[in-house]
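Data from run-v5.tsv: TSV, C-alpha atoms and all ligand atoms
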chain	number	residue	atom	x	y	z
A	1	MET	CA	0.00	0.00	0.00
A	2	ILE	CA	0.99	3.63	-0.27
A	3	ILE	CA	0.29	6.42	2.17
A	4	VAL	CA	-0.27	9.74	0.45
A	5	MET	CA	0.48	12.75	2.66
A	6	LYS	CA	-1.39	16.03	2.29
A	7	PRO	CA	0.24	18.72	0.12
A	8	GLN	CA	2.80	20.63	2.17
A	9	ALA	CA	2.67	18.06	4.98
A	10	GLU	CA	4.93	18.91	7.89
A	11	ARG	CA	8.19	16.98	8.01
A	12	GLN	CA	7.61	15.83	11.56
A	13	ASN	CA	4.24	14.36	10.59
A	14	VAL	CA	5.82	12.48	7.68
A	15	GLU	CA	8.48	11.18	10.02
A	16	ASN	CA	5.86	10.02	12.52
A	17	VAL	CA	4.17	7.89	9.86
A	18	VAL	CA	7.50	6.48	8.65
A	19	LYS	CA	8.45	5.59	12.22
A	20	LEU	CA	5.17	3.82	12.86
A	21	VAL	CA	5.56	1.74	9.71
A	22	GLU	CA	9.18	0.86	10.45
A	23	ASP	CA	8.46	0.09	14.10
A	24	ASN	CA	6.05	-2.56	12.84
A	25	GLY	CA	8.84	-4.29	10.92
A	26	LEU	CA	7.95	-3.01	7.46
A	27	LYS	CA	10.13	-1.19	4.95
A	28	VAL	CA	9.47	2.29	3.64
A	29	HIS	CA	10.09	3.80	0.24
A	30	LEU	CA	9.81	7.56	0.43
A	31	SER	CA	8.99	9.55	-2.67
A	32	GLN	CA	9.16	13.30	-2.11
A	33	GLY	CA	7.60	15.24	-4.96
A	34	ALA	CA	7.47	19.03	-5.22
A	35	GLU	CA	3.99	19.04	-3.67
A	36	VAL	CA	3.17	15.67	-2.23
A	37	THR	CA	5.10	13.07	-0.26
A	38	ILE	CA	4.25	9.44	-0.84
A	39	ILE	CA	5.21	6.74	1.63
A	40	GLY	CA	5.41	3.33	-0.01
A	41	VAL	CA	5.04	0.41	2.39
A	42	ILE	CA	6.80	-2.86	1.60
A	43	GLY	CA	5.96	-6.00	3.53
A	44	ASP	CA	2.94	-7.60	5.18
A	45	LYS	CA	0.63	-4.62	5.58
A	46	THR	CA	-1.90	-6.55	7.70
A	47	VAL	CA	0.16	-5.66	10.79
A	48	LEU	CA	-0.92	-2.04	10.23
A	49	MET	CA	-4.64	-2.83	10.04
A	50	ASP	CA	-5.49	-1.58	13.56
A	51	LYS	CA	-3.15	1.40	13.56
A	52	ASN	CA	-5.57	4.00	12.10
A	53	ILE	CA	-2.90	5.57	9.95
A	54	GLU	CA	-5.52	7.48	7.97
A	55	LEU	CA	-6.27	9.45	11.14
A	56	MET	CA	-2.66	10.55	11.67
A	57	LYS	CA	-1.81	14.20	11.13
A	58	ASP	CA	-1.27	15.29	7.52
A	59	VAL	CA	-2.21	11.86	6.08
A	60	ASP	CA	-4.42	12.38	3.03
A	61	LYS	CA	-5.30	8.84	1.98
A	62	ILE	CA	-4.17	5.23	1.80
A	63	ILE	CA	-4.16	3.44	-1.53
A	64	PRO	CA	-3.75	-0.32	-1.75
A	65	VAL	CA	-1.20	-1.60	-4.29
A	66	THR	CA	-2.45	-4.86	-5.68
A	67	GLU	CA	0.51	-5.53	-7.98
A	68	SER	CA	3.21	-7.79	-6.55
A	69	TYR	CA	5.92	-5.37	-7.68
A	70	LYS	CA	6.20	-2.24	-5.57
A	71	LEU	CA	9.45	-0.35	-6.22
A	72	ALA	CA	8.89	-0.63	-9.98
A	73	SER	CA	5.37	0.76	-9.66
A	74	LEU	CA	4.37	4.26	-10.68
A	75	LYS	CA	2.22	4.39	-7.54
A	76	PHE	CA	5.32	4.16	-5.34
A	77	HIS	CA	7.34	6.55	-7.46
A	78	PRO	CA	5.21	8.96	-9.50
A	79	GLU	CA	8.19	10.79	-11.06
A	80	PRO	CA	9.81	9.20	-14.13
A	81	THR	CA	13.20	7.71	-13.33
A	82	ARG	CA	16.33	9.07	-14.99
A	83	VAL	CA	19.26	6.70	-15.32
A	84	LYS	CA	22.78	8.07	-15.76
A	85	VAL	CA	24.99	6.06	-18.08
A	86	GLY	CA	28.45	7.58	-18.30
A	87	LYS	CA	27.84	11.21	-19.18
A	88	TYR	CA	24.43	10.50	-20.72
A	89	GLU	CA	20.99	10.24	-19.17
A	90	ILE	CA	18.15	7.90	-20.13
A	91	GLY	CA	14.75	9.31	-19.22
A	92	PRO	CA	11.80	11.45	-20.21
A	93	ASP	CA	13.80	14.39	-21.59
A	94	THR	CA	16.10	12.50	-23.93
A	95	LEU	CA	15.93	9.99	-26.74
A	96	THR	CA	18.81	7.59	-26.22
A	97	VAL	CA	20.21	5.75	-29.19
A	98	MET	CA	22.16	2.57	-28.46
A	99	ALA	CA	23.78	1.15	-31.56
A	100	GLY	CA	26.49	-1.29	-32.52
A	101	PRO	CA	27.13	-4.81	-33.65
A	102	CYS	CA	25.37	-7.82	-32.21
A	103	ALA	CA	28.75	-9.24	-31.20
A	104	VAL	CA	32.19	-7.73	-30.77
A	105	GLU	CA	34.08	-9.69	-33.43
A	106	ASN	CA	37.49	-8.02	-33.47
A	107	GLU	CA	39.14	-4.70	-32.66
A	108	ASP	CA	38.90	-3.19	-36.16
A	109	GLN	CA	35.25	-4.09	-36.59
A	110	LEU	CA	34.19	-2.59	-33.26
A	111	LEU	CA	36.19	0.61	-33.66
A	112	GLU	CA	34.93	1.15	-37.19
A	113	VAL	CA	31.31	0.75	-36.08
A	114	ALA	CA	31.89	2.90	-32.97
A	115	ARG	CA	33.31	5.80	-35.01
A	116	GLU	CA	30.41	5.63	-37.43
A	117	VAL	CA	27.58	5.51	-34.87
A	118	LYS	CA	29.22	8.30	-32.88
A	119	LYS	CA	29.45	10.46	-36.01
A	120	ASP	CA	25.74	9.88	-36.69
A	121	GLY	CA	24.70	10.88	-33.15
A	122	ALA	CA	24.36	7.72	-31.04
A	123	GLN	CA	25.11	7.96	-27.31
A	124	ILE	CA	25.72	4.35	-26.34
A	125	LEU	CA	27.74	1.68	-28.14
A	126	ARG	CA	26.42	-1.86	-27.85
A	127	GLY	CA	28.40	-5.03	-28.49
A	128	GLY	CA	28.08	-8.53	-27.09
A	129	ALA	CA	31.14	-10.22	-25.60
A	130	PHE	CA	29.18	-13.10	-24.06
A	131	LYS	CA	26.66	-14.30	-26.63
A	132	PRO	CA	23.74	-16.50	-25.58
A	133	ARG	CA	23.30	-18.37	-28.87
A	134	THR	CA	20.54	-20.79	-29.75
A	135	SER	CA	23.11	-23.30	-31.01
A	136	PRO	CA	26.14	-24.27	-28.91
A	137	TYR	CA	28.18	-24.43	-32.14
A	138	ALA	CA	27.51	-20.78	-33.07
A	139	PHE	CA	29.99	-17.98	-32.19
A	140	GLN	CA	29.88	-17.52	-28.41
A	141	GLY	CA	31.66	-14.15	-28.17
A	142	LEU	CA	35.21	-12.99	-27.39
A	143	GLY	CA	34.72	-12.72	-23.61
A	144	GLU	CA	37.17	-10.39	-21.83
A	145	GLU	CA	39.00	-9.56	-25.07
A	146	GLY	CA	35.72	-8.13	-26.42
A	147	LEU	CA	35.25	-6.07	-23.25
A	148	LYS	CA	38.71	-4.56	-23.75
A	149	TYR	CA	37.76	-3.42	-27.24
A	150	LEU	CA	34.59	-1.85	-25.85
A	151	LYS	CA	36.70	0.09	-23.36
A	152	GLU	CA	39.04	1.18	-26.12
A	153	ALA	CA	36.08	2.36	-28.24
A	154	GLN	CA	34.65	4.23	-25.26
A	155	GLU	CA	37.94	6.00	-24.61
A	156	GLU	CA	38.44	6.93	-28.25
A	157	THR	CA	34.90	8.07	-29.13
A	158	GLY	CA	33.42	9.21	-25.82
A	159	LEU	CA	30.44	6.90	-26.34
A	160	ALA	CA	29.08	5.12	-23.28
A	161	THR	CA	29.03	1.32	-23.62
A	162	ILE	CA	26.67	-1.55	-22.89
A	163	THR	CA	27.22	-5.29	-23.03
A	164	GLU	CA	25.20	-8.36	-22.09
A	165	VAL	CA	26.07	-10.38	-19.01
A	166	THR	CA	24.95	-13.98	-18.84
A	167	ASN	CA	26.17	-14.97	-15.37
A	168	GLU	CA	27.83	-13.64	-12.24
A	169	GLN	CA	31.39	-14.12	-13.53
A	170	ALA	CA	30.59	-12.18	-16.70
A	171	LEU	CA	29.02	-9.44	-14.58
A	172	ALA	CA	32.07	-9.12	-12.32
A	173	MET	CA	34.29	-8.85	-15.39
A	174	ALA	CA	32.03	-6.53	-17.41
A	175	VAL	CA	31.69	-3.84	-14.73
A	176	LYS	CA	35.43	-3.22	-15.02
A	177	TYR	CA	35.08	-2.21	-18.67
A	178	VAL	CA	31.59	-0.93	-19.56
A	179	ASP	CA	29.11	1.72	-18.35
A	180	MET	CA	25.94	-0.38	-18.46
A	181	VAL	CA	25.10	-4.07	-18.51
A	182	GLN	CA	22.29	-5.81	-20.31
A	183	ILE	CA	20.27	-8.77	-19.11
A	184	GLY	CA	19.10	-10.57	-22.21
A	185	ALA	CA	15.67	-11.97	-22.96
A	186	ARG	CA	16.79	-15.50	-22.11
A	187	ASN	CA	17.94	-14.44	-18.65
A	188	MET	CA	15.05	-12.20	-17.69
A	189	GLN	CA	14.05	-14.62	-14.95
A	190	ASN	CA	17.55	-15.67	-13.91
A	191	PHE	CA	16.78	-14.48	-10.40
A	192	GLN	CA	20.29	-15.06	-9.04
A	193	LEU	CA	21.74	-12.88	-11.80
A	194	LEU	CA	19.08	-10.23	-11.20
A	195	LYS	CA	20.01	-10.12	-7.52
A	196	GLU	CA	23.72	-9.83	-8.29
A	197	VAL	CA	23.09	-6.97	-10.71
A	198	GLY	CA	20.93	-5.41	-8.01
A	199	LYS	CA	23.78	-5.58	-5.49
A	200	SER	CA	26.31	-4.19	-7.97
A	201	GLY	CA	24.40	-0.92	-8.48
A	202	VAL	CA	25.53	-0.81	-12.12
A	203	PRO	CA	23.10	0.73	-14.66
A	204	VAL	CA	21.24	-2.17	-16.26
A	205	MET	CA	18.97	-2.68	-19.22
A	206	LEU	CA	16.55	-5.53	-18.61
A	207	LYS	CA	15.16	-7.06	-21.78
A	208	ARG	CA	11.71	-8.58	-21.82
A	209	GLY	CA	11.73	-12.39	-21.84
A	210	LEU	CA	10.72	-14.21	-25.01
A	211	SER	CA	7.35	-15.20	-23.57
A	212	ALA	CA	7.15	-12.96	-20.53
A	213	THR	CA	4.07	-11.00	-19.57
A	214	ILE	CA	4.55	-7.35	-18.64
A	215	ASP	CA	3.76	-8.28	-15.06
A	216	GLU	CA	6.55	-10.90	-14.99
A	217	TRP	CA	8.91	-8.40	-16.59
A	218	LEU	CA	8.18	-5.75	-13.93
A	219	ASN	CA	8.63	-8.35	-11.21
A	220	ALA	CA	12.03	-9.18	-12.70
A	221	ALA	CA	12.88	-5.46	-12.48
A	222	GLU	CA	11.68	-5.53	-8.87
A	223	TYR	CA	14.38	-8.13	-8.07
A	224	ILE	CA	17.05	-5.64	-9.14
A	225	LEU	CA	15.42	-2.64	-7.45
A	226	SER	CA	14.84	-4.51	-4.20
A	227	GLU	CA	18.58	-5.16	-3.88
A	228	GLY	CA	19.15	-1.40	-3.87
A	229	ASN	CA	19.91	-0.67	-7.51
A	230	PRO	CA	17.58	2.05	-8.86
A	231	ASN	CA	19.35	2.28	-12.26
A	232	VAL	CA	17.02	0.02	-14.20
A	233	VAL	CA	15.95	0.54	-17.82
A	234	LEU	CA	13.50	-1.82	-19.54
A	235	CYS	CA	13.79	-2.98	-23.14
A	236	GLU	CA	10.95	-4.32	-25.30
A	237	ARG	CA	12.53	-6.61	-27.88
A	238	GLY	CA	9.60	-8.54	-29.29
A	239	ILE	CA	7.76	-11.57	-27.96
A	240	ARG	CA	6.93	-15.04	-29.26
A	241	THR	CA	3.61	-15.25	-31.08
A	242	PHE	CA	2.13	-17.48	-33.79
A	243	GLU	CA	3.51	-15.09	-36.44
A	244	THR	CA	6.57	-16.32	-38.30
A	245	ALA	CA	7.07	-13.52	-40.84
A	246	THR	CA	9.23	-11.70	-38.31
A	247	ARG	CA	11.66	-13.19	-35.80
A	248	ASN	CA	9.44	-12.02	-32.93
A	249	THR	CA	6.42	-9.72	-32.69
A	250	LEU	CA	7.24	-6.21	-31.52
A	251	ASP	CA	4.78	-5.37	-28.76
A	252	LEU	CA	4.67	-1.59	-28.96
A	253	SER	CA	1.64	-1.50	-26.72
A	254	ALA	CA	4.00	-2.66	-23.97
A	255	VAL	CA	5.62	0.79	-24.09
A	256	CYS	CA	2.25	2.40	-23.29
A	257	VAL	CA	1.49	-0.17	-20.59
A	258	ILE	CA	4.89	0.34	-18.96
A	259	LYS	CA	4.37	4.10	-18.98
A	260	ALA	CA	1.01	3.60	-17.27
A	261	LYS	CA	2.36	1.21	-14.63
A	262	SER	CA	5.97	2.10	-14.01
A	263	HIS	CA	8.38	5.02	-13.68
A	264	LEU	CA	11.24	3.08	-15.29
A	265	PRO	CA	12.53	4.20	-18.70
A	266	VAL	CA	11.75	1.90	-21.60
A	267	ILE	CA	13.82	1.30	-24.74
A	268	VAL	CA	12.66	-0.46	-27.90
A	269	ASP	CA	14.86	-2.90	-29.84
A	270	PRO	CA	13.35	-3.31	-33.33
A	271	SER	CA	16.37	-5.33	-34.55
A	272	HIS	CA	15.76	-8.42	-32.40
A	273	ALA	CA	12.00	-7.87	-32.60
A	274	THR	CA	11.89	-8.29	-36.37
A	275	GLY	CA	15.12	-9.94	-37.50
A	276	VAL	CA	14.91	-7.94	-40.72
A	277	TRP	CA	17.00	-4.77	-41.23
A	278	SER	CA	14.47	-3.05	-43.51
A	279	TYR	CA	11.79	-3.11	-40.79
A	280	VAL	CA	14.06	-1.44	-38.26
A	281	ALA	CA	13.61	2.19	-39.40
A	282	PRO	CA	9.80	2.29	-39.54
A	283	LEU	CA	9.49	0.56	-36.17
A	284	THR	CA	12.06	2.90	-34.64
A	285	ARG	CA	9.91	5.84	-35.71
A	286	ALA	CA	6.83	4.13	-34.30
A	287	ALA	CA	8.64	3.46	-31.01
A	288	VAL	CA	9.53	7.13	-30.62
A	289	ALA	CA	5.99	8.17	-31.55
A	290	CYS	CA	4.47	5.97	-28.84
A	291	GLY	CA	6.70	7.24	-26.06
A	292	ALA	CA	9.82	5.07	-25.90
A	293	ASP	CA	12.79	6.67	-24.12
A	294	GLY	CA	15.22	5.32	-26.67
A	295	ILE	CA	16.09	2.61	-29.11
A	296	MET	CA	18.65	-0.13	-29.46
A	297	VAL	CA	19.60	-1.10	-33.00
A	298	GLU	CA	22.23	-3.39	-34.46
A	299	VAL	CA	24.70	-1.81	-36.88
A	300	HIS	CA	27.50	-3.66	-38.69
A	301	ASN	CA	30.26	-2.57	-41.07
A	302	CYS	CA	29.57	-5.63	-43.23
A	303	PRO	CA	26.32	-7.41	-42.29
A	304	GLU	CA	26.88	-10.10	-44.97
A	305	LYS	CA	29.90	-11.32	-43.00
A	306	ALA	CA	28.57	-10.75	-39.47
A	307	LEU	CA	29.17	-13.64	-37.06
A	308	SER	CA	25.69	-13.13	-35.62
A	309	ASP	CA	22.46	-11.35	-36.57
A	310	GLY	CA	23.66	-10.04	-39.95
A	311	PRO	CA	20.19	-10.02	-41.57
A	312	GLN	CA	18.83	-7.58	-38.98
A	313	SER	CA	21.90	-5.32	-38.85
A	314	LEU	CA	21.83	-1.88	-40.47
A	315	LYS	CA	24.59	-0.85	-42.81
A	316	PHE	CA	26.22	2.51	-42.15
A	317	ASP	CA	24.20	4.38	-44.78
A	318	SER	CA	20.85	3.08	-43.45
A	319	PHE	CA	21.81	3.97	-39.89
A	320	ALA	CA	22.88	7.47	-40.92
A	321	SER	CA	19.61	8.12	-42.72
A	322	LEU	CA	17.60	6.73	-39.79
A	323	MET	CA	19.38	9.11	-37.44
A	324	LYS	CA	18.65	12.06	-39.72
A	325	ASP	CA	15.02	11.05	-39.87
A	326	LEU	CA	14.81	10.83	-36.10
A	327	GLU	CA	15.62	14.51	-35.65
A	328	GLY	CA	12.07	15.51	-36.61
A	329	TYR	CA	10.50	12.70	-34.59
A	330	LYS	CA	12.54	13.66	-31.55
A	331	LYS	CA	11.29	17.24	-31.74
A	332	LEU	CA	7.68	16.08	-32.02
A	333	ALA	CA	8.17	13.89	-28.96
A	334	GLY	CA	9.68	16.83	-27.04
A	335	ARG	CA	12.99	15.10	-26.49
A	336	ALA	CA	16.59	16.18	-26.87
B	1	LIG	C1	21.25	-8.96	-28.01
B	1	LIG	O1	20.88	-7.83	-27.69
B	1	LIG	O2	22.30	-9.20	-28.61
B	1	LIG	C2	20.38	-10.13	-27.67
B	1	LIG	C3	20.85	-11.36	-27.66
B	1	LIG	O3	19.11	-9.77	-27.47
B	1	LIG	P1	17.87	-10.59	-26.82
B	1	LIG	O4	18.31	-10.97	-25.44
B	1	LIG	O5	16.79	-9.58	-26.86
B	1	LIG	O6	17.63	-11.77	-27.72
B	2	MN	MN	21.87	-9.73	-31.76
How does the structure come out when it is put into structure tokens?
Ligand code: PEP
Ligand code: MN
Amino acid sequence: MIIVMKPQAERQNVENVVKLVEDNGLKVHLSQGAEVTIIGVIGDKTVLMDKNIELMKDVDKIIPVTESYKLASLKFHPEPTRVKVGKYEIGPDTLTVMAGPCAVENEDQLLEVAREVKKDGAQILRGGAFKPRTSPYAFQGLGEEGLKYLKEAQEETGLATITEVTNEQALAMAVKYVDMVQIGARNMQNFQLLKEVGKSGVPVMLKRGLSATIDEWLNAAEYILSEGNPNVVLCERGIRTFETATRNTLDLSAVCVIKAKSHLPVIVDPSHATGVWSYVAPLTRAAVACGADGIMVEVHNCPEKALSDGPQSLKFDSFASLMKDLEGYKKLAGRA
């Protein structure tokens, strides 16, 4: 449940409510807006049933929260969250473009792509060093060597960097080299990994699971938040449906649902959603139009020779024209 204080409630009265809640063994999440203070209560609220909190000074009302996630809920935290990644910010004022190859393949490839996406206006360079592939015989990524190239690209171009982590060892290694980690669709409910990322405090992008409901996805985010890491960004990357014309089905309505239920930023990845490079630009525009806080797209210097996800990767010229196009869309969406 949440306890909404009256506008301009006195500090002492807020503190009295917080103390009562904590004295009963529950946790508090305080959200102090310009006008109203909201006290989120985490734990078994039945112990507060006979405490008459609604009669306490400056308490306006009590609203039950029926969702099982709390910290991810807009009710607990009515202001949109802004996540700092290096010198950039992901949130309601910006449109963040994450771009780069599916996998870091070698030093030259990554640096060439990094220079290009930087020139076109991206903020964050993506590149997988630990690749969760469907087949065990497919390219599995360069591991630490790939992370070193990401660091080199970051230092040369000033781009922030993101890479996927698939387990705790990869996480411990990745945080030494990159600005943000990604939890992939296949690991969305790897609860141990979610907890470790939560403890690390590192900015994280949590992709939606292949067949996950929005509720399950927000509960996965709750695992990270509840370990004390507020730097969570969601990523809609398409879900499994009966449709086979595209690799997955991009659920753009999820962006609207997330905005209605959560304060966390949400990014759209039309590359993995469709698997087809020519669908990436129109769906990027649609994502911006429906309120996404950014996009993640795969870009490769030579998609024909890519070691993974070539068919969905943009060539440099397509990425450059997409970025030009986005200028107008960004203005319409009121983002910088
Ligand atoms: C990726 O971003 O490279 C990736 C593997 O994505 P997903 O987890 O969405 O399949
Ligand atoms: Mn990929």
Could you pull the residues within 12 Å of Glu152 (chain A), counting all atoms listed in the file, minus those fewer than 2 positions along the same chain, as a ChimeraX atom specification?
/A:106-108,110-112,114-115,125,145-150,154-161,177-178
Mind listing as a count of residues only all residues within 10 Å of (19.8, -9.8, -37.7), counting all atoms listed in the file?
23
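The two atoms in question, CA of Ser73 (chain A) and CA of Val21 (chain A), are spaced 19.4 Å apart.
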List the neighbours of Ala212 (chain A) out to 9 Å using only C-alpha atoms; skip same-chain residues closer than 2 positions along the sequence, and give me the result as a CSV table (one decimal) with C-alpha atoms, in the frame of the given file.
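Writing the result to result-v2.csv gives the following:
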chain,number,residue,atom,x,y,z
A,185,ALA,CA,15.7,-12.0,-23.0
A,188,MET,CA,15.0,-12.2,-17.7
A,208,ARG,CA,11.7,-8.6,-21.8
A,209,GLY,CA,11.7,-12.4,-21.8
A,210,LEU,CA,10.7,-14.2,-25.0
A,214,ILE,CA,4.6,-7.4,-18.6
A,215,ASP,CA,3.8,-8.3,-15.1
A,216,GLU,CA,6.6,-10.9,-15.0
A,217,TRP,CA,8.9,-8.4,-16.6
A,239,ILE,CA,7.8,-11.6,-28.0
A,240,ARG,CA,6.9,-15.0,-29.3
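The shortest atom-to-atom distance to Pro265 (chain A), with only C-alpha atoms taken into account, belongs to A:Gly291 out of A:Gly291, A:Pro7, A:Gly43, A:Gly141.
In this comparison, which uses only C-alpha atoms and all ligand atoms, the residue of A:Ser262, A:Ser253, A:Thr96, A:Thr163 approaching ligand MN 2 (chain B) most closely is A:Thr163.
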Find, counting all atoms listed in the file, the residue in A:Leu332, A:Ala292, A:Leu322, A:Leu206 that gets nearest to ligand LIG 1 (chain B).
A:Leu206
